[in-house]
Amino acid sequence: MDPVSSLDARKSIRREEVRYINVLGVRIAALGYSGTIAELERLLEDGRTHYVCLSNVHTVTTSQFDVELKTAVNEADLALPDGMPLVWLANLEGHDLEGRVYGPELLDRFCAATARRGLRHFFYGGTESVLQTLAARMRERYPRINIVGTHAPPFRALTVQEEDQVAQLINDRVDILWVGLGCPKQEKWMHAHRSLRVGLMIGVGAAFDFHAGRIPQAPLWMQRRGLEWFFRLVQEPRRLWRRYLLLNPLFIVLTLLQRLGLKRYDA
């Protein structure tokens, strides 16, 4: 067996170890934090570029109208349950997940688990001020963390020259590229940039803002009961009302139809 085929075989074995659920045609890995971190470390082994999505009700429901987003999530190496409703659905299917894989918490836990390995981290997204605060706080929390760079892209499509500059910043010098562009932009961005020569891209949504202290996080009791959406809606009603007041009820209706077998989704 040639080296490339051998790598493909090992990757196939690793992927088969992960169990999945089909939520409205989106393929979600039934993993908690320990399983996720183990899988992320395995993905880093083969020297290829991989990307990981953290999916929630917003992601799954938006995917029903956005084929590009659904493709990006389903073609990811992992799509993780970053939302309690996805955890509840996984447990209804016989899995035993204690909770969701939450972007800010995954960032913390992965850095804690790998800080001594010298992995090269890069933060892409947000604003310059947020990135500066984020990097400073992560270095204070994990003195051995190796942050090799940050970049705050403009809030528009990049020019060809800007794309080349980003590639030069990242290629061959980054192990973990944390992407904080928000859904659906970050999922589409990672899917479109699979040619970047990095170990692993992980889309973590608003994690940069949370860790930098720009946006407050919901109390743990609200997060565990699936009520973070309400906390965020109160914080940013103008920006988020459509996401939560329209998409959340639609998600409930569609998943009920799927559970009752009245509507079929292929993933």
# chains A, B, ... in the order shown; residues from 1 in each chain; ligands from 1
$ closest_atom_pairs --of "segment 95-160 of chain A" --to "segment 220-224 of chain A" --cutoff "10 Å" --atoms "only C-alpha atoms" --output "JSON lines"
{"residue": "A:Glu98", "atom": "CA", "partner": "A:Arg224", "partner_atom": "CA", "distance": 9.6}
{"residue": "A:Gly99", "atom": "CA", "partner": "A:Arg224", "partner_atom": "CA", "distance": 7.2}
{"residue": "A:Arg100", "atom": "CA", "partner": "A:Arg224", "partner_atom": "CA", "distance": 8.4}
{"residue": "A:Tyr102", "atom": "CA", "partner": "A:Gln223", "partner_atom": "CA", "distance": 9.5}
$ write_last_selection --atoms "N, CA and C atoms" --output "PDB file, in the first residue's frame"
ATOM      1  N   GLU A  98     -23.322  14.079  27.798  1.00  0.00           N
ATOM      2  CA  GLU A  98     -23.621  14.849  29.006  1.00  0.00           C
ATOM      3  C   GLU A  98     -23.979  16.296  28.674  1.00  0.00           C
ATOM      4  N   GLY A  99     -23.494  16.792  27.591  1.00  0.00           N
ATOM      5  CA  GLY A  99     -23.766  18.175  27.214  1.00  0.00           C
ATOM      6  C   GLY A  99     -23.212  18.467  25.842  1.00  0.00           C
ATOM      7  N   ARG A 100     -23.329  19.705  25.438  1.00  0.00           N
ATOM      8  CA  ARG A 100     -22.901  20.105  24.107  1.00  0.00           C
ATOM      9  C   ARG A 100     -21.397  20.354  24.052  1.00  0.00           C
ATOM     10  N   TYR A 102     -19.367  23.248  23.237  1.00  0.00           N
ATOM     11  CA  TYR A 102     -19.555  24.694  23.136  1.00  0.00           C
ATOM     12  C   TYR A 102     -18.261  25.353  22.674  1.00  0.00           C
TER      13      TYR A 102
END
$ residues_around --residues "Ile28 of chain A" --least-positions-apart "2" --cutoff "8 Å" --atoms "only C-alpha atoms" --output "PyMOL selection string"
chain A and resi 20-23+26+30+55+78-81
$ closest_atom_pairs --of "segment 8-59 of chain A" --to "segment 191-201 of chain A" --cutoff "12 Å" --atoms "only C-alpha atoms" --output "JSON lines"
{"residue": "A:Glu39", "atom": "CA", "partner": "A:Leu200", "partner_atom": "CA", "distance": 11.3}
{"residue": "A:Leu40", "atom": "CA", "partner": "A:Leu200", "partner_atom": "CA", "distance": 8.0}
{"residue": "A:Glu41", "atom": "CA", "partner": "A:Leu200", "partner_atom": "CA", "distance": 9.4}
{"residue": "A:Arg42", "atom": "CA", "partner": "A:Leu200", "partner_atom": "CA", "distance": 10.6}
{"residue": "A:Leu43", "atom": "CA", "partner": "A:Leu200", "partner_atom": "CA", "distance": 7.6}
{"residue": "A:Leu44", "atom": "CA", "partner": "A:Gly199", "partner_atom": "CA", "distance": 5.6}
{"residue": "A:Glu45", "atom": "CA", "partner": "A:Gly199", "partner_atom": "CA", "distance": 8.4}
{"residue": "A:Asp46", "atom": "CA", "partner": "A:Gly199", "partner_atom": "CA", "distance": 8.6}
{"residue": "A:Gly47", "atom": "CA", "partner": "A:Gly199", "partner_atom": "CA", "distance": 6.3}
{"residue": "A:Arg48", "atom": "CA", "partner": "A:Gly199", "partner_atom": "CA", "distance": 6.0}
{"residue": "A:Thr49", "atom": "CA", "partner": "A:Gly199", "partner_atom": "CA", "distance": 4.9}
{"residue": "A:His50", "atom": "CA", "partner": "A:Leu200", "partner_atom": "CA", "distance": 4.8}
{"residue": "A:Tyr51", "atom": "CA", "partner": "A:Met201", "partner_atom": "CA", "distance": 4.4}
{"residue": "A:Val52", "atom": "CA", "partner": "A:Met201", "partner_atom": "CA", "distance": 6.2}
{"residue": "A:Cys53", "atom": "CA", "partner": "A:Met201", "partner_atom": "CA", "distance": 8.7}
{"residue": "A:Leu54", "atom": "CA", "partner": "A:Met201", "partner_atom": "CA", "distance": 11.3}
$ select_by_dssp --residues "segment 78-196 of chain A" --states "strand (DSSP E)" --output "PyMOL selection string"
chain A and resi 78-81+120-125+146-151+176-180
$ atom_distance --atom1 "atom CA of Gly35 of chain A" --atom2 "atom CA of Arg232 of chain A"
28.0 Å
$ residues_around --residues "Leu24 of chain A" --least-positions-apart "3" --cutoff "7 Å" --atoms "only C-alpha atoms" --output "PyMOL selection string"
chain A and resi 60+255+265
$ atom_distance --atom1 "atom CA of Ala206 of chain A" --atom2 "atom CA of Cys183 of chain A"
9.3 Å
$ atom_distance --atom1 "atom CA of Trp178 of chain A" --atom2 "atom CA of Val130 of chain A"
13.7 Å
$ residues_around --residues "segment 111-126 of chain A" --least-positions-apart "2" --cutoff "9 Å" --atoms "only C-alpha atoms" --output "PyMOL selection string"
chain A and resi 37+41+106-109+128-131+134-135+138+141-154+170+173-182+186+206+208-209
$ residues_around --residues "Glu187 of chain A" --least-positions-apart "6" --cutoff "8 Å" --atoms "only C-alpha atoms" --output "number ranges by chain"
A: 53, 69, 72-73, 203
$ decode --residues "segment 68-101 of chain A" --atoms "N, CA and C atoms" --output "CSV table (one decimal), in the first residue's frame"
chain,number,residue,atom,x,y,z
A,68,GLU,N,-25.3,25.8,0.2
A,68,GLU,CA,-23.9,26.0,0.3
A,68,GLU,C,-23.4,25.7,1.8
A,69,LEU,N,-24.2,26.2,2.7
A,69,LEU,CA,-24.0,25.9,4.1
A,69,LEU,C,-24.1,24.5,4.5
A,70,LYS,N,-25.1,23.8,4.0
A,70,LYS,CA,-25.3,22.4,4.3
A,70,LYS,C,-24.2,21.6,3.7
A,71,THR,N,-23.7,21.9,2.5
A,71,THR,CA,-22.6,21.2,1.9
A,71,THR,C,-21.3,21.4,2.8
A,72,ALA,N,-21.1,22.6,3.2
A,72,ALA,CA,-19.9,22.9,4.0
A,72,ALA,C,-19.9,22.1,5.3
A,73,VAL,N,-21.0,22.1,6.0
A,73,VAL,CA,-21.1,21.3,7.2
A,73,VAL,C,-21.0,19.8,7.0
A,74,ASN,N,-21.7,19.3,6.0
A,74,ASN,CA,-21.7,17.9,5.8
A,74,ASN,C,-20.3,17.4,5.2
A,75,GLU,N,-19.6,18.2,4.6
A,75,GLU,CA,-18.3,17.8,4.1
A,75,GLU,C,-17.1,18.1,5.1
A,76,ALA,N,-17.5,18.6,6.3
A,76,ALA,CA,-16.4,18.8,7.3
A,76,ALA,C,-16.0,17.5,7.9
A,77,ASP,N,-14.8,17.5,8.4
A,77,ASP,CA,-14.3,16.3,9.0
A,77,ASP,C,-15.1,15.9,10.3
A,78,LEU,N,-15.6,17.0,11.0
A,78,LEU,CA,-16.5,16.8,12.1
A,78,LEU,C,-17.5,17.9,12.1
A,79,ALA,N,-18.7,17.6,12.4
A,79,ALA,CA,-19.7,18.7,12.8
A,79,ALA,C,-20.2,18.3,14.2
A,80,LEU,N,-19.9,19.2,15.1
A,80,LEU,CA,-20.1,18.9,16.5
A,80,LEU,C,-21.4,19.5,17.1
A,81,PRO,N,-22.0,18.9,18.1
A,81,PRO,CA,-23.3,19.4,18.6
A,81,PRO,C,-23.1,20.6,19.6
A,82,ASP,N,-23.0,21.8,19.0
A,82,ASP,CA,-22.9,23.0,19.8
A,82,ASP,C,-24.3,23.6,20.1
A,83,GLY,N,-25.1,22.8,20.7
A,83,GLY,CA,-26.5,23.2,21.0
A,83,GLY,C,-27.2,22.1,21.8
A,84,MET,N,-27.9,22.5,22.9
A,84,MET,CA,-28.5,21.4,23.7
A,84,MET,C,-29.6,20.7,22.9
A,85,PRO,N,-30.4,21.3,22.1
A,85,PRO,CA,-31.4,20.5,21.3
A,85,PRO,C,-30.7,19.3,20.5
A,86,LEU,N,-29.5,19.6,20.0
A,86,LEU,CA,-28.9,18.5,19.2
A,86,LEU,C,-28.4,17.4,20.2
A,87,VAL,N,-28.0,17.8,21.4
A,87,VAL,CA,-27.6,16.8,22.4
A,87,VAL,C,-28.8,15.9,22.8
A,88,TRP,N,-30.0,16.6,23.0
A,88,TRP,CA,-31.2,15.9,23.4
A,88,TRP,C,-31.6,14.9,22.3
A,89,LEU,N,-31.5,15.3,21.0
A,89,LEU,CA,-31.8,14.4,19.9
A,89,LEU,C,-30.9,13.3,19.8
A,90,ALA,N,-29.6,13.5,20.1
A,90,ALA,CA,-28.6,12.4,20.1
A,90,ALA,C,-28.9,11.4,21.2
A,91,ASN,N,-29.3,11.9,22.3
A,91,ASN,CA,-29.6,11.0,23.4
A,91,ASN,C,-30.9,10.2,23.2
A,92,LEU,N,-31.8,10.8,22.5
A,92,LEU,CA,-33.0,10.1,22.1
A,92,LEU,C,-32.7,8.9,21.2
A,93,GLU,N,-31.6,9.0,20.5
A,93,GLU,CA,-31.2,7.9,19.6
A,93,GLU,C,-30.2,6.9,20.2
A,94,GLY,N,-30.1,7.0,21.6
A,94,GLY,CA,-29.3,6.0,22.3
A,94,GLY,C,-27.9,6.4,22.6
A,95,HIS,N,-27.5,7.6,22.3
A,95,HIS,CA,-26.2,8.1,22.7
A,95,HIS,C,-26.2,8.6,24.2
A,96,ASP,N,-25.1,8.8,24.7
A,96,ASP,CA,-25.0,9.2,26.1
A,96,ASP,C,-24.2,10.5,26.3
A,97,LEU,N,-24.6,11.6,25.7
A,97,LEU,CA,-23.9,12.8,25.8
A,97,LEU,C,-24.3,13.6,27.1
A,98,GLU,N,-23.3,14.1,27.8
A,98,GLU,CA,-23.6,14.8,29.0
A,98,GLU,C,-24.0,16.3,28.7
A,99,GLY,N,-23.5,16.8,27.6
A,99,GLY,CA,-23.8,18.2,27.2
A,99,GLY,C,-23.2,18.5,25.8
A,100,ARG,N,-23.3,19.7,25.4
A,100,ARG,CA,-22.9,20.1,24.1
A,100,ARG,C,-21.4,20.4,24.1
A,101,VAL,N,-20.9,20.5,22.8
A,101,VAL,CA,-19.5,20.9,22.6
A,101,VAL,C,-19.6,22.4,22.3
